[in-house]
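Since the structure comes first, as structure tokens, the remarks are kept for the end.
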Amino acid sequence: MSSDPRRTPPLAPAPRPLLRSLLFVPGNRTASWLPKARAAGADAVILDLEDAVPEADRAAALDQVTNALARQADTPGGPALFVRVTPLDTWAAAEALRGICGPGRSGIVLPKVTGPDDIRLADRLLGWCEREHGLPRGHVALVPLLESARALHDAHGCAAAAGRVAYPGAITGAGGDVERAVGYRWSPQGCETHALRARVLLDVRAAGAPHPVAGLWTRVGDLDGLRAFAEQNRALGYAGMMAIHPSHVPVLNEVFAPSTAELERAARLVAAVEEAQAHGTGAVTFEGEMVDEAMAATARSLLEWYTVGADSMPGSVDEVAGQ
């Protein structure tokens with residue numbers, strides 16, 4: 001067998017942590033806003049070099065972001081750091097990507113995705129950047145923003161286009177690119193995007209992409225509306241949401257984590273099913289419901305992520321459980 005390192009199979013990407021809240025921070029305000037994002041308890045921060053930054057300020061914003069990433073590499077801890085880059089359709093954008101890839105970066109958020117080809121290009125560029133920095137292939141997660149009707153229609157293809165794709169989903173904020181592309185009229189109740197969010201979730205889950213996230217809630221002061229929308233997304237199966245304001249973070253962290261009561265019930269359910277199995281019974285009545293191994297497997301998965309897998313979560317188990 002050849003020993004040529006170029007023929008060595010790429011390493012599988014490391015498991016991605018669950019992220020309940022991913023807070024956007026304008027790249028040109030990194031110095032002042034990043035501490036606020038950390039204080040709010042965001043699981044991840046997305047340093048934005050795209051729409052949140054005026055074109056004239058993007059060079060200075062890139063410098064701020066690069067400096068923040070360098071400090072993170074020297075002092076690990078705190079929220080996961082992502083960067084939303086500009087679309088990779090110019091040499092300048094590719095060079096900017098090269099400059100921000102390295103240790104301390106959790107991932108890249110790719111905007112304006114039109115289809116799987118955009119993701120495959122980003123994957124190749126990131127692979128070259130990882131090689132340049134001595135990082136394992138797949139180290140940097142890729143978060144595609146499906147902001148065109150074509151990309152949303154092929155959400156499965158987009159999510160399956162590269163093994164590094166993580167945290168994909170339908171971002172259906174009021175007035176943004178998706179509303180313009182699809183033509184819906186946004187409402188706080190979300191009825192006009194419910195089917196879209198559900199279908200995209202199924203597509204990306206079927207593709208095997210970990211931890212889909214939804215978003216956005218643009219009404220900064222309406223925390224009750226945010227909670228209702230977040231609960232709707234959690235009920236659909238999303239693992240978290242993107243956010244635009246620090247005040248939204250505690251709500252998202254609470255909604256997208258199980259309560260202590262939920263965890264305790266899951267443990268009791270597993271124990272009840274396993275006891276029944278030990279006595280040769282497959283199904284058992286548990287707290288008024290008929291349960292079997294399928295329900296036990298779901299409960300074990302919940303417990304694995306939020307107790308056994310606590311090391312991969314931001315914060316302690318008690319913090320994750322909203323305590």
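Identifiers in this document derive from the order of the structure tokens: chains are assigned A, B, ..., residues are numbered from 1 separately in each chain, and ligands are numbered from 1 in order of occurrence.
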Polymer residues at most 10 Å from region 284-291 of chain A, only C-alpha atoms, same-chain spacing of 3 or more positions, as a ChimeraX atom specification: /A:265,268-270,272-277,281,294-296
Go ahead and write the selection's residues with N, CA and C atoms as a PDB file, in the first residue's frame.
```pdb
ATOM      1  N   ARG A 265     -37.282  11.881  34.603  1.00  0.00           N
ATOM      2  CA  ARG A 265     -38.285  10.983  34.018  1.00  0.00           C
ATOM      3  C   ARG A 265     -37.639  10.026  33.030  1.00  0.00           C
ATOM      4  N   ARG A 268     -36.020   7.267  34.923  1.00  0.00           N
ATOM      5  CA  ARG A 268     -37.014   6.324  35.462  1.00  0.00           C
ATOM      6  C   ARG A 268     -37.565   5.431  34.364  1.00  0.00           C
ATOM      7  N   LEU A 269     -37.803   6.009  33.186  1.00  0.00           N
ATOM      8  CA  LEU A 269     -38.344   5.226  32.071  1.00  0.00           C
ATOM      9  C   LEU A 269     -37.374   4.122  31.657  1.00  0.00           C
ATOM     10  N   VAL A 270     -36.104   4.481  31.526  1.00  0.00           N
ATOM     11  CA  VAL A 270     -35.104   3.481  31.152  1.00  0.00           C
ATOM     12  C   VAL A 270     -35.074   2.366  32.180  1.00  0.00           C
ATOM     13  N   ALA A 272     -37.448   1.386  34.191  1.00  0.00           N
ATOM     14  CA  ALA A 272     -38.678   0.589  34.138  1.00  0.00           C
ATOM     15  C   ALA A 272     -38.648  -0.396  32.974  1.00  0.00           C
ATOM     16  N   VAL A 273     -38.197   0.056  31.806  1.00  0.00           N
ATOM     17  CA  VAL A 273     -38.147  -0.832  30.641  1.00  0.00           C
ATOM     18  C   VAL A 273     -37.104  -1.925  30.853  1.00  0.00           C
ATOM     19  N   GLU A 274     -35.949  -1.568  31.399  1.00  0.00           N
ATOM     20  CA  GLU A 274     -34.910  -2.569  31.604  1.00  0.00           C
ATOM     21  C   GLU A 274     -35.323  -3.600  32.652  1.00  0.00           C
ATOM     22  N   GLU A 275     -36.062  -3.172  33.656  1.00  0.00           N
ATOM     23  CA  GLU A 275     -36.563  -4.124  34.650  1.00  0.00           C
ATOM     24  C   GLU A 275     -37.569  -5.076  34.016  1.00  0.00           C
ATOM     25  N   ALA A 276     -38.453  -4.520  33.156  1.00  0.00           N
ATOM     26  CA  ALA A 276     -39.425  -5.372  32.473  1.00  0.00           C
ATOM     27  C   ALA A 276     -38.725  -6.369  31.563  1.00  0.00           C
ATOM     28  N   GLN A 277     -37.704  -5.913  30.851  1.00  0.00           N
ATOM     29  CA  GLN A 277     -36.961  -6.808  29.956  1.00  0.00           C
ATOM     30  C   GLN A 277     -36.283  -7.926  30.743  1.00  0.00           C
ATOM     31  N   THR A 281     -40.393  -9.241  29.660  1.00  0.00           N
ATOM     32  CA  THR A 281     -41.497  -8.447  29.121  1.00  0.00           C
ATOM     33  C   THR A 281     -40.932  -7.324  28.262  1.00  0.00           C
ATOM     34  N   ALA A 294     -38.239   1.182  22.180  1.00  0.00           N
ATOM     35  CA  ALA A 294     -38.117   2.376  21.338  1.00  0.00           C
ATOM     36  C   ALA A 294     -38.100   3.641  22.196  1.00  0.00           C
ATOM     37  N   MET A 295     -39.022   3.711  23.167  1.00  0.00           N
ATOM     38  CA  MET A 295     -39.054   4.877  24.050  1.00  0.00           C
ATOM     39  C   MET A 295     -37.825   4.915  24.954  1.00  0.00           C
ATOM     40  N   ALA A 296     -37.353   3.733  25.384  1.00  0.00           N
ATOM     41  CA  ALA A 296     -36.166   3.678  26.229  1.00  0.00           C
ATOM     42  C   ALA A 296     -34.935   4.172  25.464  1.00  0.00           C
TER      43      ALA A 296
END
```
Could you please write out, as number ranges by chain, every residue of region 158-314 of chain A that DSSP assigns to strand (DSSP E or B)? A: 165, 171, 213-215, 240-243, 284-286, 289-291
From a DSSP pass on the backbone, collect the residues of region 184-305 of chain A flagged as alpha helix (DSSP H) and hand them back as a PyMOL selection string. chain A and resi 194-206+223-236+249-255+260-278+293-303
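For Ile171 (chain A), the non-local neighbours within 7 Å, defined as residues at least 4 positions apart in the same chain or in other chains and counting only C-alpha atoms, are Ala214, Gly215 and Leu216 of chain A.
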What would the file look like if the residues just selected were written as a PDB file, in the first residue's frame with N, CA and C atoms?
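New file out-v2.pdb:
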```
ATOM      1  N   ALA A 214     -32.266  26.434  13.973  1.00  0.00           N
ATOM      2  CA  ALA A 214     -33.218  27.278  13.261  1.00  0.00           C
ATOM      3  C   ALA A 214     -32.941  28.740  13.621  1.00  0.00           C
ATOM      4  N   GLY A 215     -33.819  29.623  13.221  1.00  0.00           N
ATOM      5  CA  GLY A 215     -33.699  31.046  13.530  1.00  0.00           C
ATOM      6  C   GLY A 215     -34.489  31.834  12.491  1.00  0.00           C
ATOM      7  N   LEU A 216     -34.447  33.088  12.510  1.00  0.00           N
ATOM      8  CA  LEU A 216     -34.040  33.988  13.572  1.00  0.00           C
ATOM      9  C   LEU A 216     -35.288  34.646  14.153  1.00  0.00           C
TER      10      LEU A 216
END
```
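For Leu126 (chain A), the set of protein, DNA and RNA residues having any atom at most 8 Å away, when counting only C-alpha atoms and skipping those fewer than 5 positions along the same chain, is Leu97, Arg98, Cys101 and Val140 of chain A.
Note that the spacing between CA of Arg227 (chain A) and CA of Ala151 (chain A) amounts to 27.5 Å.
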If you count only C-alpha atoms, which residues fall within 10 Å of Glu179 (chain A), apart from same-chain ones fewer than 6 positions away, as a PyMOL selection string? chain A and resi 147-149+171-173+185-186+193
Take the residues from that selection and write them out as a PDB file, in the first residue's frame, keeping N, CA and C atoms.
```
ATOM      1  N   GLU A 147     -30.242  30.047   1.971  1.00  0.00           N
ATOM      2  CA  GLU A 147     -30.955  31.314   1.826  1.00  0.00           C
ATOM      3  C   GLU A 147     -31.532  31.527   0.435  1.00  0.00           C
ATOM      4  N   SER A 148     -31.598  30.478  -0.369  1.00  0.00           N
ATOM      5  CA  SER A 148     -32.242  30.569  -1.679  1.00  0.00           C
ATOM      6  C   SER A 148     -33.282  29.455  -1.771  1.00  0.00           C
ATOM      7  N   ALA A 149     -34.270  29.660  -2.631  1.00  0.00           N
ATOM      8  CA  ALA A 149     -35.284  28.617  -2.808  1.00  0.00           C
ATOM      9  C   ALA A 149     -34.657  27.327  -3.305  1.00  0.00           C
ATOM     10  N   ILE A 171     -33.486  29.037   8.313  1.00  0.00           N
ATOM     11  CA  ILE A 171     -33.383  30.323   9.018  1.00  0.00           C
ATOM     12  C   ILE A 171     -34.419  31.262   8.401  1.00  0.00           C
ATOM     13  N   THR A 172     -35.554  31.400   9.066  1.00  0.00           N
ATOM     14  CA  THR A 172     -36.715  32.043   8.441  1.00  0.00           C
ATOM     15  C   THR A 172     -37.095  33.339   9.148  1.00  0.00           C
ATOM     16  N   GLY A 173     -36.120  34.199   9.378  1.00  0.00           N
ATOM     17  CA  GLY A 173     -36.412  35.463  10.034  1.00  0.00           C
ATOM     18  C   GLY A 173     -37.245  36.388   9.156  1.00  0.00           C
ATOM     19  N   ARG A 185     -45.128  35.668   3.775  1.00  0.00           N
ATOM     20  CA  ARG A 185     -45.266  36.876   4.581  1.00  0.00           C
ATOM     21  C   ARG A 185     -45.141  36.470   6.042  1.00  0.00           C
ATOM     22  N   TRP A 186     -44.090  36.920   6.671  1.00  0.00           N
ATOM     23  CA  TRP A 186     -43.739  36.484   8.017  1.00  0.00           C
ATOM     24  C   TRP A 186     -44.790  36.891   9.026  1.00  0.00           C
ATOM     25  N   THR A 193     -44.172  29.453   7.791  1.00  0.00           N
ATOM     26  CA  THR A 193     -42.878  28.783   7.599  1.00  0.00           C
ATOM     27  C   THR A 193     -42.804  27.434   8.311  1.00  0.00           C
TER      28      THR A 193
END
```
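Compared by their closest atoms to Gly221 (chain A), and using only C-alpha atoms, the residues A:Ala60, A:Ala266, A:Ile244, A:Leu81 rank with A:Ile244 nearest.
Nearest to Thr114 (chain A) of all the residues A:Asp63, A:Ala230, A:Gly102, A:Leu152 is A:Leu152, counting only C-alpha atoms.
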Among the residues A:Trp91, A:Asp123, A:Glu192, A:Met241, the one that comes closest to Ala44 (chain A) [using only C-alpha atoms]: A:Met241
Of A:Cys129, A:Val213, A:Ile108, A:Val53, the one sitting nearest Met242 (chain A) when using only C-alpha atoms is A:Val213
